[in-house]
>>> print(open('input25.cif').read())   # mmCIF, C-alpha atoms
data_entry
loop_
_atom_site.label_atom_id
_atom_site.label_comp_id
_atom_site.auth_asym_id
_atom_site.auth_seq_id
_atom_site.Cartn_x
_atom_site.Cartn_y
_atom_site.Cartn_z
CA MET B 622 108.27 321.30 101.01
CA GLN B 623 112.00 321.31 100.23
CA THR B 624 112.05 317.50 100.15
CA GLN B 625 109.14 317.46 97.70
CA MET B 626 110.82 320.01 95.47
CA THR B 627 114.04 317.97 95.47
CA ALA B 628 112.10 314.80 94.63
CA LYS B 629 110.20 316.71 91.93
CA ARG B 630 113.44 317.92 90.36
CA ALA B 631 114.93 314.40 90.56
CA LEU B 632 111.85 313.04 88.75
CA ASP B 633 112.12 315.79 86.12
CA LEU B 634 115.79 315.08 85.54
CA ALA B 635 115.52 311.28 85.46
CA LEU B 636 112.28 310.87 83.51
CA GLY B 637 112.96 313.92 81.33
CA SER B 638 116.35 312.51 80.30
CA VAL B 639 114.91 309.07 79.50
CA LEU B 640 112.06 310.59 77.48
CA LEU B 641 114.48 312.86 75.61
CA VAL B 642 116.68 309.91 74.63
CA LEU B 643 113.63 307.91 73.49
CA ALA B 644 112.14 310.86 71.59
CA ALA B 645 115.40 311.98 69.94
CA PRO B 646 114.95 309.92 66.72
CA LEU B 647 111.38 311.20 66.27
CA LEU B 648 112.45 314.77 66.98
CA ALA B 649 115.35 314.50 64.51
CA ALA B 650 113.05 313.08 61.81
CA GLY B 651 110.49 315.82 62.48
CA ALA B 652 113.16 318.52 62.27
CA VAL B 653 114.52 317.12 58.99
CA ALA B 654 111.00 316.92 57.50
CA LEU B 655 110.30 320.50 58.54
CA ALA B 656 113.66 321.73 57.24
CA ALA B 657 112.90 320.17 53.84
CA ARG B 658 109.79 322.35 53.64
CA ARG B 659 111.83 325.44 54.60
CA PRO B 660 109.27 327.09 56.89
CA PRO B 661 109.73 330.83 57.43
CA GLY B 662 111.52 331.34 60.72
CA GLY B 663 113.14 327.89 60.73
CA VAL B 664 112.07 324.59 62.31
CA LEU B 665 111.80 325.98 65.84
CA THR B 666 109.59 328.66 67.33
CA ARG B 667 111.24 330.85 69.95
CA SER B 668 109.36 332.78 72.58
CA VAL B 669 110.32 334.33 75.90
CA ARG B 670 108.57 332.75 78.89
CA ILE B 671 108.70 333.38 82.62
CA GLY B 672 110.20 330.59 84.71
CA LEU B 673 111.02 329.86 88.34
CA ALA B 674 111.52 332.98 90.51
CA GLY B 675 110.28 335.16 87.64
CA ARG B 676 113.39 334.55 85.51
CA PRO B 677 112.77 334.76 81.75
CA PHE B 678 114.01 332.05 79.38
CA VAL B 679 113.67 331.41 75.65
CA LEU B 680 111.31 328.49 74.99
CA ARG B 681 112.17 326.60 71.81
CA THR B 682 109.53 324.36 70.27
CA LEU B 683 109.46 322.30 67.07
CA ARG B 684 106.93 323.76 64.61
CA THR B 685 104.69 320.69 64.41
CA ARG B 686 101.87 319.12 66.47
CA ARG B 687 102.07 315.67 64.87
CA LEU B 688 102.70 312.89 67.39
CA ARG B 689 102.96 315.64 70.02
CA LEU B 690 106.46 316.44 68.75
CA ASP B 691 105.99 320.08 69.72
CA LEU B 692 105.62 319.04 73.36
CA LEU B 693 108.43 316.48 73.23
CA SER B 694 110.76 319.07 71.68
CA ARG B 695 110.56 320.99 74.98
CA LEU B 696 112.20 318.15 76.92
CA PRO B 697 115.67 319.80 76.82
CA HIS B 698 114.15 322.62 78.88
CA VAL B 699 113.07 320.04 81.48
CA VAL B 700 116.56 318.54 81.69
CA ARG B 701 118.10 322.03 82.00
CA GLY B 702 115.66 322.96 84.77
CA GLU B 703 113.78 325.73 82.97
CA LEU B 704 110.61 323.62 82.83
CA SER B 705 109.22 320.80 84.91
CA LEU B 706 107.38 317.78 83.54
CA VAL B 707 104.29 318.95 85.47
CA GLY B 708 103.48 322.53 86.39
CA PRO B 709 101.49 325.59 85.46
CA GLU B 710 101.48 326.85 81.89
CA PRO B 711 104.66 328.75 80.89
CA LEU B 712 103.51 332.34 80.36
CA THR B 713 104.94 335.19 78.31
CA PRO B 714 106.25 338.28 80.15
CA ASP B 715 103.36 340.44 78.91
CA ASP B 716 100.69 338.01 80.20
CA GLU B 717 98.79 339.66 83.06
CA ARG B 718 98.89 336.39 85.03
CA THR B 719 102.65 336.87 85.59
CA ARG B 720 102.09 339.96 87.76
CA THR B 721 102.71 339.94 91.51
CA ALA B 722 100.31 341.37 94.08
CA ASP B 723 101.81 344.87 93.71
CA GLY B 724 101.60 344.80 89.90
CA ALA B 725 105.30 344.10 89.28
CA THR B 726 106.23 341.50 86.68
CA GLY B 727 108.79 338.75 86.88
CA GLY B 728 111.23 339.12 89.76
CA GLY B 729 109.85 342.47 91.01
CA ALA B 730 110.50 343.69 94.55
CA GLY B 731 106.89 343.26 95.72
CA ALA B 732 105.09 340.24 97.13
CA ARG B 733 105.90 337.04 95.28
CA HIS B 734 103.24 335.56 93.07
CA TRP B 735 102.56 331.80 93.41
CA ARG B 736 103.69 331.32 89.81
CA GLN B 737 107.20 332.40 90.79
CA GLU B 738 107.39 329.56 93.32
CA LEU B 739 107.08 326.79 90.71
CA ARG B 740 108.72 325.89 87.44
CA PRO B 741 106.22 325.98 84.57
CA GLY B 742 105.51 322.56 83.10
CA LEU B 743 105.22 320.59 79.88
CA THR B 744 101.80 319.51 81.05
CA GLY B 745 99.65 320.21 84.05
CA LEU B 746 96.31 319.94 85.71
CA ALA B 747 94.84 322.59 83.39
CA GLN B 748 95.98 320.74 80.27
CA ILE B 749 94.56 317.35 81.24
CA ARG B 750 91.26 318.84 82.42
CA SER B 751 90.82 321.19 79.44
CA ARG B 752 88.82 318.62 77.48
CA SER B 753 86.12 318.15 80.13
CA GLY B 754 84.24 321.35 79.25
CA MET B 755 83.13 321.86 82.85
CA PRO B 756 82.70 325.53 83.82
CA TRP B 757 84.91 325.20 86.91
CA ASP B 758 87.80 323.88 84.83
CA GLU B 759 89.18 327.37 84.20
CA PRO B 760 92.89 326.94 83.37
CA ALA B 761 94.08 329.74 85.68
CA LEU B 762 92.13 328.28 88.62
CA LEU B 763 93.44 324.78 87.92
CA ASP B 764 97.03 326.09 87.75
CA GLN B 765 96.54 327.86 91.08
CA HIS B 766 94.97 324.75 92.62
CA TYR B 767 98.00 322.75 91.49
CA ALA B 768 100.37 325.34 92.99
CA GLU B 769 98.59 325.16 96.34
CA HIS B 770 98.30 321.35 96.49
CA HIS B 771 101.16 319.92 94.44
CA TRP B 772 103.08 316.88 95.59
CA LEU B 773 104.90 314.07 93.84
CA GLY B 774 101.85 311.76 93.81
CA LEU B 775 99.77 314.41 92.04
CA ASP B 776 102.56 314.87 89.49
CA LEU B 777 102.60 311.13 88.76
CA THR B 778 98.79 311.11 88.40
CA ILE B 779 98.89 314.04 85.97
CA LEU B 780 101.69 312.42 83.94
CA ALA B 781 99.72 309.17 83.73
CA ALA B 782 96.62 311.06 82.55
CA ALA B 783 98.67 313.08 80.05
CA VAL B 784 99.84 309.81 78.45
CA HIS B 785 96.53 307.95 78.80
CA ILE B 786 94.24 310.58 77.20
CA PRO B 787 96.01 310.80 73.79
CA LEU B 788 96.60 307.03 73.70
CA ARG B 789 92.92 306.34 74.36
CA ALA B 790 91.94 308.81 71.62
CA ALA B 791 94.38 307.20 69.17
CA VAL B 792 93.15 303.67 69.94
CA HIS B 793 89.54 304.82 69.67
CA GLY B 794 90.30 306.41 66.29
CA LEU B 795 91.94 303.22 65.01
CA THR B 796 89.22 300.86 66.22
CA HIS B 797 86.37 303.01 64.91
CA ARG B 798 87.94 304.04 61.61
CA GLY B 799 85.58 303.47 58.71
CA LYS B 800 82.66 302.36 60.85
CA ALA B 801 79.45 304.08 59.93
CA ARG B 802 77.30 305.47 62.68
CA LEU B 803 73.67 304.47 62.67
CA SER B 804 70.97 307.09 62.95
CA ASP B 805 67.34 306.66 63.98
CA THR B 806 66.34 306.54 60.32
CA ASP B 807 68.54 303.49 59.70
CA HIS B 808 66.25 301.36 61.89
CA ARG B 809 62.98 302.18 60.16
CA LEU B 810 61.10 299.55 58.24
CA ARG B 811 61.16 299.71 54.48
CA GLY B 812 58.32 301.89 53.22
CA TYR B 813 58.02 303.85 56.48
CA SER B 814 57.07 307.49 56.08
CA ALA B 815 57.25 310.14 58.80
CA ALA B 816 54.13 311.76 57.32
CA GLU B 817 51.95 308.78 58.25
#
>>> encode(input="input25.cif", output="structure tokens")
Amino acid sequence: MQTQMTAKRALDLALGSVLLVLAAPLLAAGAVALAARRPPGGVLTRSVRIGLAGRPFVLRTLRTRRLRLDLLSRLPHVVRGELSLVGPEPLTPDDERTRTADGATGGGAGARHWRQELRPGLTGLAQIRSRSGMPWDEPALLDQHYAEHHWLGLDLTILAAAVHIPLRAAVHGLTHRGKARLSDTDHRLRGYSAAE
């Protein structure tokens, strides 16, 4: 377990740093564009989240969802060790899912909750499965399943899916842009009437 956690942190640090360097120009451009509009509250949202061992941290996110810049703007938290690339959703302190077995929140003295054993993540099993619409794909259950079965191979699979899903949607949108969809009525012979 300790070896996997060390490998997981090494992956977070190495890949997170590379991604942050690659994303920096996009993030800077997004921040400048947002600053020009002068949004109330600034270009970043700030919210307290619960991290590893129940420790709170302030999560800063760029106020845009274009090109997934909001997600990429959280990469500094990965490099600092507050987030992981893959993990359960980062929850707020008042979220009931942060409570331990005895009802304490965060780093309470009672039994440790599985969420305290893992860093929350930028993405996770719940996020990549959320689009399936299957009834068993409840985010809390998927986060718990990840906590019970995580290993480096699963992290790499989730990261690959997290990149593949939006890319596939973008390519699909580009290749099908402007194409009309045919309906059953488009194939009817001229002069056909449903009343006949």
>>> resolve_selection(input="input25.cif", expression="the PyMOL selection byres ((chain B and resi 672) around 8)", output="PDB file with C-alpha atoms, keeping the file's coordinate frame")
ATOM      1  CA  ARG B 670     108.570 332.750  78.890  1.00  0.00           C
ATOM      2  CA  ILE B 671     108.700 333.380  82.620  1.00  0.00           C
ATOM      3  CA  LEU B 673     111.020 329.860  88.340  1.00  0.00           C
ATOM      4  CA  ALA B 674     111.520 332.980  90.510  1.00  0.00           C
ATOM      5  CA  GLY B 675     110.280 335.160  87.640  1.00  0.00           C
ATOM      6  CA  ARG B 676     113.390 334.550  85.510  1.00  0.00           C
ATOM      7  CA  PRO B 677     112.770 334.760  81.750  1.00  0.00           C
ATOM      8  CA  PHE B 678     114.010 332.050  79.380  1.00  0.00           C
ATOM      9  CA  GLU B 703     113.780 325.730  82.970  1.00  0.00           C
ATOM     10  CA  LEU B 704     110.610 323.620  82.830  1.00  0.00           C
ATOM     11  CA  PRO B 711     104.660 328.750  80.890  1.00  0.00           C
ATOM     12  CA  GLN B 737     107.200 332.400  90.790  1.00  0.00           C
ATOM     13  CA  LEU B 739     107.080 326.790  90.710  1.00  0.00           C
ATOM     14  CA  ARG B 740     108.720 325.890  87.440  1.00  0.00           C
ATOM     15  CA  PRO B 741     106.220 325.980  84.570  1.00  0.00           C
TER      16      PRO B 741
END
>>> residues_around(input="input25.cif", residues="Ala761 of chain B", least_positions_apart="5", cutoff="10 Å", atoms="only C-alpha atoms", output="VMD selection string")
chain B and resid 709 to 710 718 747 766 to 767
>>> write_last_selection(input="input25.cif", atoms="C-alpha atoms", output="PDB file, in the frame of the given file")
ATOM      1  CA  PRO B 709     101.490 325.590  85.460  1.00  0.00           C
ATOM      2  CA  GLU B 710     101.480 326.850  81.890  1.00  0.00           C
ATOM      3  CA  ARG B 718      98.890 336.390  85.030  1.00  0.00           C
ATOM      4  CA  ALA B 747      94.840 322.590  83.390  1.00  0.00           C
ATOM      5  CA  HIS B 766      94.970 324.750  92.620  1.00  0.00           C
ATOM      6  CA  TYR B 767      98.000 322.750  91.490  1.00  0.00           C
TER       7      TYR B 767
END
>>> resolve_selection(input="input25.cif", expression="the PyMOL selection byres ((chain B and resi 746) around 7)", output="ChimeraX atom specification")
/B:745,747-750,763-764,767,779
>>> resolve_selection(input="input25.cif", expression="the PyMOL selection byres ((chain B and resi 690) around 12)", output="PyMOL selection string")
chain B and resi 640-641+644-652+655+664-665+682-689+691-696+743
>>> closest_residue(input="input25.cif", among="B:Ala635, B:Leu780, B:Leu680, B:Val669", to="Gly708 of chain B", atoms="only C-alpha atoms")
B:Leu780
>>> atom_distance(input="input25.cif", atom1="atom CA of Gly637 of chain B", atom2="atom CA of Ala781 of chain B")
14.3 Å
>>> closest_residue(input="input25.cif", among="B:Thr744, B:Leu636, B:Pro714, B:Glu769", to="Ala782 of chain B", atoms="all atoms listed in the file")
B:Thr744
>>> atom_distance(input="input25.cif", atom1="atom CA of His785 of chain B", atom2="atom CA of Val700 of chain B")
22.8 Å
>>> atom_distance(input="input25.cif", atom1="atom CA of Arg659 of chain B", atom2="atom CA of Val679 of chain B")
22.0 Å
